[in-house]
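Structure data follow from data_35.txt (compact mmCIF, C-alpha atoms and all ligand atoms):
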```txt
# COMPACT_ATOMS: atom_id res chain seq x y z
CA MET A 631 -26.63 35.39 -3.90
CA ASN A 632 -24.95 38.02 -1.74
CA ARG A 633 -21.85 37.28 0.31
CA ARG A 634 -23.49 37.37 3.73
CA LEU A 635 -26.28 34.99 2.68
CA PHE A 636 -23.74 32.58 1.24
CA MET A 637 -21.80 32.55 4.50
CA THR A 638 -24.93 31.79 6.51
CA GLN A 639 -25.94 28.98 4.20
CA ALA A 640 -22.41 27.65 4.24
CA ALA A 641 -22.42 27.53 8.02
CA LEU A 642 -25.77 25.75 8.09
CA GLY A 643 -24.68 23.29 5.45
CA ALA A 644 -21.49 22.47 7.26
CA SER A 645 -23.18 21.80 10.57
CA ALA A 646 -25.68 19.52 8.85
CA LEU A 647 -22.82 17.56 7.34
CA VAL A 648 -20.90 17.50 10.60
CA ASN A 649 -23.89 15.75 12.13
CA ALA A 650 -24.33 13.48 9.15
CA ASP A 651 -20.68 12.48 9.10
CA ALA A 652 -20.14 11.99 12.80
CA SER A 653 -22.15 9.62 14.95
CA PRO A 654 -24.31 11.48 17.44
CA LEU A 655 -22.22 11.94 20.55
CA PHE A 656 -24.97 11.25 23.03
CA ARG A 657 -27.41 8.86 21.34
CA SER A 658 -27.45 6.44 24.26
CA ALA A 659 -28.03 7.20 27.93
CA ASP A 660 -24.43 6.13 28.51
CA THR A 661 -22.50 9.35 29.19
CA ARG A 662 -19.13 7.75 29.97
CA LYS A 663 -15.88 9.27 28.74
CA LEU A 664 -13.81 6.47 27.23
CA GLY A 665 -10.13 6.27 28.18
CA ILE A 666 -7.59 6.81 25.40
CA ALA A 667 -3.94 5.77 25.59
CA LEU A 668 -1.60 7.55 23.16
CA VAL A 669 1.19 5.34 21.82
CA GLY A 670 4.19 7.46 20.84
CA LEU A 671 4.65 10.92 22.36
CA GLY A 672 6.22 12.69 19.39
CA THR A 673 5.24 15.98 17.78
CA TYR A 674 1.69 15.08 16.82
CA SER A 675 0.75 13.67 20.23
CA THR A 676 2.44 16.58 22.02
CA VAL A 677 1.20 19.50 19.95
CA GLN A 678 -2.25 18.27 18.89
CA LEU A 679 -3.66 15.10 20.44
CA GLY A 680 -2.75 15.61 24.11
CA PRO A 681 -4.12 19.18 24.14
CA ALA A 682 -7.20 18.19 22.07
CA LEU A 683 -8.05 15.48 24.60
CA GLN A 684 -8.49 18.22 27.21
CA HIS A 685 -11.60 19.37 25.29
CA THR A 686 -13.26 16.07 24.30
CA GLU A 687 -16.70 15.12 25.59
CA ARG A 688 -16.82 11.37 24.98
CA CYS A 689 -13.20 10.41 25.65
CA ARG A 690 -10.27 11.51 27.77
CA LEU A 691 -6.52 11.09 27.94
CA ALA A 692 -6.18 8.16 30.34
CA GLY A 693 -2.80 6.61 29.49
CA ILE A 694 0.47 6.85 27.57
CA VAL A 695 2.95 4.48 25.95
CA THR A 696 6.48 5.82 25.57
CA GLY A 697 10.04 4.56 25.47
CA THR A 698 11.38 7.70 27.17
CA PRO A 699 11.06 7.81 30.99
CA ALA A 700 11.50 11.61 31.09
CA LYS A 701 8.53 12.06 28.74
CA ALA A 702 6.46 9.72 30.92
CA GLN A 703 7.20 11.91 33.98
CA GLU A 704 6.39 15.09 32.08
CA TRP A 705 3.05 13.79 30.73
CA MET A 706 2.02 12.26 34.09
CA ALA A 707 2.55 15.62 35.77
CA LYS A 708 1.03 17.74 33.02
CA TYR A 709 -2.10 15.63 32.43
CA ASN A 710 -2.53 13.96 35.80
CA ILE A 711 -2.00 10.44 34.42
CA PRO A 712 -1.68 7.75 37.10
CA LYS A 713 1.41 5.53 37.11
CA GLU A 714 -0.60 2.38 36.45
CA ASN A 715 -1.72 3.79 33.06
CA VAL A 716 1.85 4.37 31.82
CA TYR A 717 3.52 1.77 29.60
CA ASN A 718 6.66 1.40 27.53
CA TYR A 719 7.01 -0.64 24.33
CA GLN A 720 8.02 -3.76 26.29
CA THR A 721 5.17 -3.59 28.81
CA PHE A 722 2.58 -2.41 26.26
CA ASP A 723 0.71 -5.74 26.01
CA ARG A 724 -0.19 -5.55 29.71
CA ILE A 725 -2.63 -2.82 28.72
CA ALA A 726 -5.03 -5.75 28.17
CA ASP A 727 -5.50 -5.88 31.96
CA ASN A 728 -6.27 -2.18 32.34
CA PRO A 729 -10.02 -1.42 32.40
CA ASN A 730 -9.33 2.34 32.33
CA ILE A 731 -8.05 2.15 28.75
CA ASP A 732 -10.76 1.61 26.12
CA ILE A 733 -8.97 2.99 23.04
CA VAL A 734 -5.35 2.76 21.94
CA TYR A 735 -4.29 5.57 19.58
CA VAL A 736 -1.18 4.60 17.53
CA VAL A 737 0.88 7.73 16.78
CA LEU A 738 4.17 6.06 15.78
CA PRO A 739 6.29 6.17 12.62
CA ASN A 740 4.34 4.62 9.70
CA SER A 741 6.27 1.32 9.68
CA MET A 742 5.17 0.65 13.29
CA HIS A 743 1.43 1.18 12.77
CA ALA A 744 0.58 -2.42 11.82
CA GLU A 745 2.46 -4.00 14.73
CA TYR A 746 0.90 -1.76 17.37
CA VAL A 747 -2.62 -1.86 15.93
CA ILE A 748 -2.48 -5.66 15.94
CA ARG A 749 -1.04 -5.78 19.47
CA ALA A 750 -3.72 -3.33 20.67
CA ALA A 751 -6.46 -5.46 19.09
CA LYS A 752 -5.05 -8.58 20.74
CA ALA A 753 -5.19 -6.67 24.03
CA GLY A 754 -8.93 -6.21 23.38
CA LYS A 755 -8.73 -2.43 22.84
CA HIS A 756 -10.46 -0.36 20.17
CA VAL A 757 -7.89 1.35 17.97
CA ILE A 758 -7.25 4.61 16.16
CA CYS A 759 -4.30 4.39 13.77
CA GLU A 760 -2.58 7.49 12.42
CA LYS A 761 -2.28 8.05 8.69
CA PRO A 762 -1.15 6.51 6.44
CA MET A 763 -2.89 3.47 7.89
CA GLY A 764 0.05 1.18 7.00
CA LEU A 765 2.91 0.81 4.56
CA ASN A 766 0.77 -1.11 2.07
CA VAL A 767 -2.66 -2.66 1.53
CA GLY A 768 -1.51 -6.09 2.75
CA GLU A 769 -0.51 -4.71 6.15
CA CYS A 770 -3.80 -2.84 6.47
CA GLU A 771 -5.78 -6.00 5.72
CA GLN A 772 -3.93 -7.80 8.52
CA MET A 773 -4.87 -4.96 10.87
CA VAL A 774 -8.53 -5.24 9.85
CA GLN A 775 -8.48 -9.03 10.39
CA ALA A 776 -6.91 -8.65 13.85
CA CYS A 777 -9.55 -6.09 14.90
CA LYS A 778 -12.36 -8.22 13.49
CA LYS A 779 -11.11 -11.29 15.34
CA ALA A 780 -10.85 -9.34 18.59
CA GLY A 781 -14.27 -7.72 18.09
CA VAL A 782 -12.84 -4.18 18.39
CA LYS A 783 -13.37 -1.12 16.22
CA LEU A 784 -10.65 0.42 14.07
CA SER A 785 -10.45 3.96 12.73
CA VAL A 786 -7.83 6.02 10.88
CA GLY A 787 -6.80 9.41 12.30
CA TYR A 788 -8.43 11.32 9.45
CA ARG A 789 -9.18 14.57 11.32
CA LEU A 790 -10.40 16.36 8.17
CA TYR A 791 -13.43 14.06 7.93
CA PHE A 792 -14.82 16.22 10.73
CA GLU A 793 -13.40 19.66 9.82
CA PRO A 794 -16.15 22.20 8.98
CA HIS A 795 -14.42 23.79 5.94
CA HIS A 796 -13.79 20.39 4.37
CA LEU A 797 -17.36 19.31 5.05
CA GLU A 798 -18.54 22.54 3.43
CA VAL A 799 -16.53 22.07 0.22
CA ARG A 800 -17.90 18.52 0.02
CA ARG A 801 -21.42 19.87 0.42
CA LEU A 802 -20.85 22.54 -2.24
CA ALA A 803 -19.56 19.95 -4.70
CA GLN A 804 -22.12 17.29 -4.04
CA SER A 805 -25.14 19.63 -3.90
CA GLN A 806 -23.86 21.19 -7.15
CA GLU A 807 -24.87 24.53 -5.67
CA LEU A 808 -22.15 26.26 -7.73
CA GLY A 809 -22.34 23.77 -10.61
CA THR A 810 -20.74 20.40 -11.27
CA VAL A 811 -17.09 20.13 -10.28
CA LYS A 812 -15.05 19.39 -13.38
CA LEU A 813 -11.50 20.18 -12.33
CA MET A 814 -9.71 20.13 -9.00
CA GLU A 815 -6.25 21.06 -7.82
CA THR A 816 -4.97 19.89 -4.44
CA ALA A 817 -1.52 20.35 -2.93
CA LEU A 818 0.22 19.66 0.34
CA GLY A 819 3.91 19.99 1.04
CA PHE A 820 6.42 21.18 3.57
CA SER A 821 10.15 21.46 3.79
CA MET A 822 11.57 18.24 5.21
CA ALA A 823 15.27 17.95 4.54
CA ASN A 824 16.45 16.19 7.71
CA PRO A 825 18.12 13.01 6.46
CA ASN A 826 17.88 11.52 9.98
CA SER A 827 14.09 11.74 10.10
CA TRP A 828 12.14 8.47 9.81
CA ARG A 829 10.00 10.31 7.24
CA LEU A 830 12.89 10.20 4.74
CA ASN A 831 13.69 6.56 5.45
CA LYS A 832 11.84 4.34 2.98
CA GLN A 833 11.54 1.40 5.41
CA MET A 834 10.05 3.58 8.16
CA GLY A 835 8.11 6.23 6.26
CA GLY A 836 7.06 4.00 3.38
CA GLY A 837 7.98 6.39 0.56
CA GLY A 838 8.27 10.05 1.54
CA ALA A 839 5.82 12.86 0.85
CA ILE A 840 3.30 10.78 -1.09
CA MET A 841 2.81 8.51 1.96
CA ASP A 842 2.94 11.29 4.52
CA LEU A 843 1.07 14.10 2.77
CA GLY A 844 -0.32 12.43 -0.34
CA VAL A 845 -3.30 11.04 1.55
CA TYR A 846 -4.55 14.60 2.08
CA ALA A 847 -4.13 15.64 -1.53
CA ILE A 848 -5.86 12.45 -2.68
CA GLN A 849 -8.73 12.84 -0.22
CA GLY A 850 -9.11 16.54 -0.98
CA ALA A 851 -10.03 15.57 -4.53
CA ARG A 852 -11.84 12.25 -4.11
CA ARG A 853 -13.90 13.31 -1.08
CA THR A 854 -14.89 16.68 -2.57
CA ILE A 855 -15.92 15.10 -5.86
CA GLY A 856 -17.49 12.19 -4.00
CA GLU A 857 -16.05 9.52 -6.30
CA ASP A 858 -13.01 7.25 -6.37
CA PRO A 859 -10.47 7.65 -9.19
CA ILE A 860 -10.52 5.05 -11.95
CA ALA A 861 -7.06 5.93 -13.30
CA VAL A 862 -3.98 7.86 -12.27
CA THR A 863 -0.87 9.25 -13.91
CA ALA A 864 2.07 10.52 -11.88
CA GLN A 865 5.47 12.10 -12.16
CA GLY A 866 8.11 11.79 -9.44
CA PHE A 867 11.14 14.06 -8.98
CA VAL A 868 14.32 14.06 -6.93
CA ARG A 869 16.37 17.26 -7.13
CA ASP A 870 18.60 16.65 -4.11
CA LYS A 871 19.95 13.11 -4.35
CA THR A 872 22.09 13.54 -1.23
CA ILE A 873 18.96 13.75 0.94
CA PHE A 874 16.29 11.87 -1.03
CA LYS A 875 18.10 8.61 -1.71
CA ASP A 876 15.33 6.14 -2.45
CA ILE A 877 12.12 8.18 -2.28
CA TYR A 878 10.58 10.85 -4.46
CA GLU A 879 11.13 14.36 -3.15
CA SER A 880 8.14 15.79 -5.04
CA MET A 881 5.30 14.16 -6.94
CA PHE A 882 2.66 15.52 -9.28
CA PHE A 883 -0.28 13.25 -10.00
CA GLN A 884 -3.49 13.37 -11.94
CA MET A 885 -6.65 11.42 -11.13
CA GLU A 886 -9.54 10.61 -13.49
CA PHE A 887 -12.97 10.19 -11.91
CA PRO A 888 -15.80 8.07 -13.31
CA GLY A 889 -18.19 11.04 -13.66
CA GLY A 890 -15.71 12.88 -15.90
CA ALA A 891 -13.97 15.14 -13.36
CA LEU A 892 -10.17 15.42 -13.31
CA SER A 893 -7.77 16.42 -10.56
CA ASN A 894 -4.16 17.54 -10.55
CA SER A 895 -2.23 17.26 -7.27
CA THR A 896 1.14 17.99 -5.71
CA THR A 897 2.94 16.49 -2.72
CA THR A 898 6.42 17.62 -1.81
CA TYR A 899 9.06 17.72 0.90
CA THR A 900 10.72 20.78 -0.68
CA SER A 901 8.46 23.66 0.27
CA TYR A 902 5.28 24.76 1.95
CA VAL A 903 2.15 24.42 -0.14
CA ASP A 904 -1.35 23.77 1.17
CA ARG A 905 -4.44 24.32 -0.97
CA LEU A 906 -7.59 22.88 -2.48
CA HIS A 907 -9.28 24.44 -5.49
CA ALA A 908 -12.41 23.24 -7.32
CA THR A 909 -13.89 24.68 -10.48
CA THR A 910 -17.23 24.19 -12.18
CA GLY A 911 -18.37 25.58 -15.53
CA HIS A 912 -18.41 29.21 -14.33
CA GLU A 913 -17.72 29.19 -10.60
CA TRP A 914 -15.00 28.13 -8.19
CA PHE A 915 -14.44 27.41 -4.52
CA GLY A 916 -11.52 26.34 -2.40
CA LEU A 917 -9.46 26.36 0.78
CA GLN A 918 -6.06 27.88 1.51
CA PRO A 919 -4.64 26.86 3.96
CA SER A 920 -6.54 23.66 3.48
CA PHE A 921 -5.13 20.47 4.97
CA ASN A 922 -3.05 21.70 7.89
CA ALA A 923 -4.23 21.02 11.41
CA THR A 924 -5.06 24.69 11.98
CA GLY A 925 -6.27 27.75 10.14
CA ALA A 926 -8.32 26.49 7.17
CA LYS A 927 -9.68 29.44 5.18
CA GLY A 928 -12.22 29.20 2.40
CA ASP A 929 -13.26 31.37 -0.50
CA SER A 930 -15.44 31.04 -3.59
CA SER A 931 -16.65 32.99 -6.58
CA LYS A 932 -19.77 33.73 -4.49
CA GLY A 933 -18.06 34.85 -1.28
CA LYS A 934 -15.95 33.71 1.62
CA ILE A 935 -16.40 30.36 3.33
CA ASP A 936 -15.75 31.48 6.85
CA LEU A 937 -16.70 28.94 9.49
CA ALA A 938 -16.19 28.64 13.20
CA THR A 939 -13.75 25.87 14.08
CA PRO A 940 -13.11 24.10 17.38
CA PRO A 941 -9.74 24.76 19.08
CA PHE A 942 -8.45 21.41 17.74
CA GLN A 943 -9.81 19.47 14.73
CA GLN A 944 -9.09 16.22 16.55
CA ILE A 945 -11.75 16.88 19.21
CA ARG A 946 -14.58 15.93 16.84
CA GLN A 947 -12.53 13.12 15.30
CA MET A 948 -11.86 11.41 18.66
CA ASP A 949 -15.31 12.13 20.09
CA ALA A 950 -16.93 10.70 16.97
CA PHE A 951 -14.92 7.49 17.31
CA ALA A 952 -15.75 7.18 21.01
CA ALA A 953 -19.43 7.68 20.12
CA THR A 954 -19.29 4.85 17.57
CA ILE A 955 -18.05 2.55 20.35
CA ILE A 956 -20.72 3.68 22.79
CA ASN A 957 -23.49 3.58 20.16
CA ASN A 958 -22.10 0.49 18.41
CA THR A 959 -22.06 2.10 14.96
CA ASP A 960 -19.39 2.11 12.24
CA PRO A 961 -16.56 4.69 12.27
CA VAL A 962 -16.74 7.37 9.56
CA ALA A 963 -12.93 7.51 9.23
CA SER A 964 -12.96 3.77 8.64
CA ALA A 965 -10.24 1.28 7.85
CA ALA A 966 -11.86 0.89 4.41
CA GLU A 967 -11.09 4.58 3.77
CA GLY A 968 -7.48 4.06 4.88
CA ILE A 969 -7.10 1.06 2.58
CA LYS A 970 -8.63 2.96 -0.33
CA ASP A 971 -5.98 5.67 -0.01
CA LEU A 972 -3.20 3.08 0.01
CA HIS A 973 -4.56 1.50 -3.18
CA ILE A 974 -4.46 4.94 -4.82
CA ILE A 975 -0.95 5.70 -3.49
CA ASP A 976 0.24 2.34 -4.83
CA ALA A 977 -1.13 3.22 -8.29
CA ILE A 978 0.45 6.69 -8.15
CA VAL A 979 3.89 5.32 -7.28
CA ARG A 980 3.61 2.61 -9.97
CA SER A 981 2.71 5.29 -12.51
CA ALA A 982 5.67 7.48 -11.52
CA ASP A 983 8.02 4.46 -11.59
CA THR A 984 6.87 3.23 -15.00
CA GLY A 985 5.67 6.38 -16.75
CA ARG A 986 2.40 4.57 -17.50
CA ARG A 987 -1.23 5.50 -16.84
CA ILE A 988 -2.48 3.07 -14.17
CA GLU A 989 -6.13 2.06 -14.06
CA ILE A 990 -7.75 1.15 -10.75
CA ASP A 991 -10.47 -1.48 -10.98
CA TRP A 992 -12.32 -1.07 -7.67
CA LYS A 993 -14.27 -4.31 -8.22
CA ARG A 994 -11.03 -6.25 -8.13
CA VAL A 995 -9.00 -4.43 -5.47
P1 LIG B 1001 7.51 12.09 15.51
O1 LIG B 1001 8.76 11.63 14.89
O2 LIG B 1001 7.43 13.45 16.07
O3 LIG B 1001 7.08 11.09 16.68
C1 LIG B 1001 7.22 9.70 16.58
C2 LIG B 1001 7.23 9.09 17.97
O4 LIG B 1001 7.46 7.69 17.85
C3 LIG B 1001 8.33 9.66 18.88
O5 LIG B 1001 7.81 9.88 20.16
C4 LIG B 1001 9.36 8.54 18.92
O6 LIG B 1001 10.09 8.52 20.13
C5 LIG B 1001 8.45 7.32 18.80
N1 LIG B 1001 9.16 6.13 18.33
C6 LIG B 1001 9.05 4.91 18.89
N2 LIG B 1001 9.85 4.04 18.27
C7 LIG B 1001 10.49 4.71 17.31
C8 LIG B 1001 11.46 4.34 16.34
N3 LIG B 1001 11.91 3.08 16.24
N4 LIG B 1001 11.90 5.29 15.51
C9 LIG B 1001 11.44 6.55 15.56
N5 LIG B 1001 10.52 6.96 16.45
C10 LIG B 1001 10.05 6.05 17.34
O7 LIG B 1001 6.35 11.86 14.44
P2 LIG B 1001 4.91 12.52 14.38
O8 LIG B 1001 4.97 13.70 13.51
O9 LIG B 1001 4.34 12.65 15.73
O10 LIG B 1001 4.12 11.40 13.54
C11 LIG B 1001 3.68 10.19 14.13
C12 LIG B 1001 2.54 9.61 13.29
O11 LIG B 1001 1.47 10.53 13.28
C13 LIG B 1001 2.91 9.35 11.83
O12 LIG B 1001 2.25 8.19 11.38
C14 LIG B 1001 2.37 10.56 11.09
O13 LIG B 1001 2.01 10.30 9.76
C15 LIG B 1001 1.15 10.88 11.94
N6 LIG B 1001 0.79 12.31 11.89
C16 LIG B 1001 -0.48 12.64 11.63
C17 LIG B 1001 -0.86 13.96 11.58
C18 LIG B 1001 -2.29 14.31 11.30
O14 LIG B 1001 -2.55 15.49 11.10
N7 LIG B 1001 -3.21 13.36 11.30
C19 LIG B 1001 0.08 14.95 11.79
C20 LIG B 1001 1.39 14.59 12.10
C21 LIG B 1001 1.74 13.26 12.15
```
What would you get if you wrote out this structure as structure tokens?
Ligand code: NAD
Amino acid sequence: MNRRLFMTQAALGASALVNADASPLFRSADTRKLGIALVGLGTYSTVQLGPALQHTERCRLAGIVTGTPAKAQEWMAKYNIPKENVYNYQTFDRIADNPNIDIVYVVLPNSMHAEYVIRAAKAGKHVICEKPMGLNVGECEQMVQACKKAGVKLSVGYRLYFEPHHLEVRRLAQSQELGTVKLMETALGFSMANPNSWRLNKQMGGGGAIMDLGVYAIQGARRTIGEDPIAVTAQGFVRDKTIFKDIYESMFFQMEFPGGALSNSTTTYTSYVDRLHATTGHEWFGLQPSFNATGAKGDSSKGKIDLATPPFQQIRQMDAFAATIINNTDPVASAAEGIKDLHIIDAIVRSADTGRRIEIDWKRV
């Protein structure tokens, strides 16, 4: 197969999977744009979600929840948000009375996800929760119960479930076009040495890089292979004990998949690393950068994987969730997917803590 042909097929394959993975945006005659309120106006809301919501077709930035009055003023002016759609953490529950807000998007430190997802559900709003879904499986199950009771939909902010390069590597693996994937390497890390950041605080972040970035490395392997790991082994390291007091600074972990494939992954707060690599008997394919919010680039032993991407990955993610509400279908980036990742993270941390291989029995979890 020549390089150009491969690229064309890759593009076609990716768009097919984009449609398969995301609910159709306009299945019903209902062409409303649902109102989203962002809770927490930190880096991710400011740099990615607010701007992405200027390009969405099925939803729009309608409201904000912030504890900082100056940020409220800035966002109201920048995005034309009316005063009645602006809340702080004390007035948040009044969002129940606001018909212009359909979806609450929780973009707070990890330890606050459960509280705000549950409060949003009680207010009768559909919810998107940033990753990791919660600090542990128990918290996530409470979130699911609250949403079920309120009759609202819940999704995790897994933007890569809609990213063309990631959909293409999944297609390549699962179609076995380049052979059966036997080994994978995934890695995501950045330098995070600010001891004042909630990310380094175990109570707020939940456990450092593995909680923050580990979900991507786990998903890169399990979603490409298309199976869930049945056992993990992990090694945790702390080189700078003055900064990383009760969390691992770096982790390496290996996952065993039921079909025989193996993966080896890295998450770290020491340095920048961002890649996905899959090998079959004689071929290979991968992405580098891979998991970051911008700039995924793909290559393979048969040629480049070079796909057009929207200006923000989150456009498709948020539009797909809005479409599931309008069409009354199930979210692709579901709570079940969020809970699955927390089960795997729990096994990884237990393995690093004990030095043992930990089996995951999916029938019992
Ligand atoms: P951030 O620290 O930049 O922002 C956190 C926001 O929460 C700030 O506006 C802060 O004022 C507010 N906040 C409210 N109460 C707080 C408290 N008690 N302590 C600290 N902050 C408080 O963080 P971020 O990078 O925007 O991350 C927010 C969430 O989004 C996290 O769950 C993170 O994992 C997730 N995230 C996801 C992606 C992605 O690509 N999907 C990328 C970055 C972050």
How close does chain A get to ligand LIG 1001 (chain B)? List, as a tab-separated table, each residue of chain A within 9 Å, its nearest atom pair and the distance in Å to one decimal, counting all atoms listed in the file.
```
residue	atom	partner	partner_atom	distance
A:Val669	CA	B:LIG1001	O4	7.8
A:Gly670	CA	B:LIG1001	O5	4.4
A:Leu671	CA	B:LIG1001	O5	4.0
A:Gly672	CA	B:LIG1001	O3	3.3
A:Thr673	CA	B:LIG1001	O2	3.8
A:Tyr674	CA	B:LIG1001	O9	3.8
A:Ser675	CA	B:LIG1001	O9	5.8
A:Thr676	CA	B:LIG1001	O9	7.7
A:Val677	CA	B:LIG1001	O9	8.6
A:Gln678	CA	B:LIG1001	C19	8.2
A:Thr696	CA	B:LIG1001	O5	6.9
A:Gly697	CA	B:LIG1001	O6	6.6
A:Thr698	CA	B:LIG1001	O6	7.2
A:Lys701	CA	B:LIG1001	O5	8.9
A:Tyr719	CA	B:LIG1001	C6	8.0
A:Val736	CA	B:LIG1001	C12	7.5
A:Val737	CA	B:LIG1001	C12	4.3
A:Leu738	CA	B:LIG1001	O4	4.2
A:Pro739	CA	B:LIG1001	O12	4.7
A:Asn740	CA	B:LIG1001	O12	4.5
A:Ser741	CA	B:LIG1001	O12	8.1
A:Met742	CA	B:LIG1001	N2	7.6
A:His743	CA	B:LIG1001	O12	7.2
A:Cys759	CA	B:LIG1001	O12	7.9
A:Glu760	CA	B:LIG1001	O12	5.0
A:Lys761	CA	B:LIG1001	O13	5.0
A:Pro762	CA	B:LIG1001	O13	5.9
A:Met763	CA	B:LIG1001	O12	7.8
A:Gly764	CA	B:LIG1001	O12	8.6
A:Val786	CA	B:LIG1001	N7	8.7
A:Gly787	CA	B:LIG1001	N7	5.4
A:Tyr788	CA	B:LIG1001	N7	5.9
A:Arg789	CA	B:LIG1001	N7	6.1
A:Leu790	CA	B:LIG1001	N7	8.4
A:Ser827	CA	B:LIG1001	O1	7.2
A:Trp828	CA	B:LIG1001	C9	6.1
A:Arg829	CA	B:LIG1001	O1	7.9
A:Met834	CA	B:LIG1001	N4	7.8
A:Gly835	CA	B:LIG1001	O12	8.0
A:Met841	CA	B:LIG1001	O13	8.0
A:Asp842	CA	B:LIG1001	O13	5.4
A:Leu843	CA	B:LIG1001	O13	8.0
A:Phe921	CA	B:LIG1001	O14	8.3
A:Asn922	CA	B:LIG1001	O14	7.0
A:Ala923	CA	B:LIG1001	O14	5.8
A:Gln944	CA	B:LIG1001	N7	8.4
```
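Residue nearest Pro654 of chain A within the list A:Leu818, A:Ile988, A:Ala950, A:Leu808: A:Ala950 [criterion: smallest interatomic distance, all atoms listed in the file].
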Each residue of segment 899-993 of chain A lying at most 7 Å from segment 874-888 of chain A should get a row with its shortest atom-to-atom pair and the distance in Å to one decimal, counting all atoms listed in the file; could you produce that, ordered by chain and increasing number, as JSON lines?
```
{"residue": "A:Tyr899", "atom": "CA", "partner": "A:Glu879", "partner_atom": "CA", "distance": 5.7}
{"residue": "A:Thr900", "atom": "CA", "partner": "A:Glu879", "partner_atom": "CA", "distance": 6.9}
{"residue": "A:Ile978", "atom": "CA", "partner": "A:Phe883", "partner_atom": "CA", "distance": 6.9}
```
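Interatomic distance, atom CA of Tyr735 of chain A against atom CA of Ala963 of chain A: 13.6 Å.
Atom CA of Ile855 of chain A is positioned 14.7 Å from atom CA of His795 of chain A.
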Legend entry - Shell around Arg853 of chain A at 9 Å using only C-alpha atoms, local window under 5 positions removed, as a PyMOL selection string: chain A and resi 796+800+848+858
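For the atom pair formed by atom CA of Ala682 of chain A and atom CA of Lys778 of chain A, the distance is 28.2 Å, given to one decimal.
Using only C-alpha atoms, the smallest distance between any of A:Ala750, A:Ala702, A:Leu765, A:Leu802 and Asp723 of chain A comes from A:Ala750.
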Inset, instruction - In the coordinate frame of the file, compute which residues have an atom within 12 Å of (-10.5, 17.0, -0.6) when using all atoms listed in the file, and state them as a PyMOL selection string. - result: chain A and resi 788+790-791+793+795-803+814-818+844-858+893-895+904-908+915-918+920-921
Inset, instruction - Determine the nearest neighbour of Thr910 of chain A from the options A:Val868, A:Ala926, A:Ala891, A:Val995, counting only C-alpha atoms. - result: A:Ala891
Inset, instruction - Could you check which of A:Cys770, A:Val747, A:Leu830, A:Val782 is closest to Asp960 of chain A, using all atoms listed in the file? - result: A:Val782
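In terms of minimum interatomic distance to Arg662 of chain A, A:Asn730 ranks closest within A:Gln943, A:Asn715, A:Asn730, A:Asn826, counting only C-alpha atoms.
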Inset, instruction - Measuring atom to atom with only C-alpha atoms, identify which of A:Ile840, A:Ala861, A:Ala952, A:Ala726 is nearest to Thr898 of chain A. - result: A:Ile840
Inset, instruction - List the neighbours of segment 686-693 of chain A out to 8 Å using only C-alpha atoms; skip same-chain residues closer than 4 positions along the sequence, and give me the result as an NGL selection string. - result: :A and (655 or 661-668 or 680 or 682 or 709 or 711-712 or 715-717 or 730-731 or 945-946 or 948-949 or 952-953)
Inset, instruction - Give as number ranges by chain the set of residues within 9 Å of the point (-14.2, 0.6, -8.6), where distances use the file's coordinates and all atoms listed in the file. - result: A: 858-860, 888, 990-995
Would you output that residue set with C-alpha atoms, as a PDB file, keeping the file's coordinate frame?
```pdb
ATOM      1  CA  ASP A 858     -13.010   7.250  -6.370  1.00  0.00           C
ATOM      2  CA  PRO A 859     -10.470   7.650  -9.190  1.00  0.00           C
ATOM      3  CA  ILE A 860     -10.520   5.050 -11.950  1.00  0.00           C
ATOM      4  CA  PRO A 888     -15.800   8.070 -13.310  1.00  0.00           C
ATOM      5  CA  ILE A 990      -7.750   1.150 -10.750  1.00  0.00           C
ATOM      6  CA  ASP A 991     -10.470  -1.480 -10.980  1.00  0.00           C
ATOM      7  CA  TRP A 992     -12.320  -1.070  -7.670  1.00  0.00           C
ATOM      8  CA  LYS A 993     -14.270  -4.310  -8.220  1.00  0.00           C
ATOM      9  CA  ARG A 994     -11.030  -6.250  -8.130  1.00  0.00           C
ATOM     10  CA  VAL A 995      -9.000  -4.430  -5.470  1.00  0.00           C
TER      11      VAL A 995
END
```
Give, as lines of an AutoDock Vina configuration file, the centre coordinates and the x, y and z edge lengths in Å to one decimal for an axis-aligned box around all listed atoms of segment 746-764 of chain A, padded by 8 Å on each side.
```
center_x = -4.8
center_y = -0.3
center_z = 15.2
size_x = 27.4
size_y = 32.6
size_z = 33.6
```
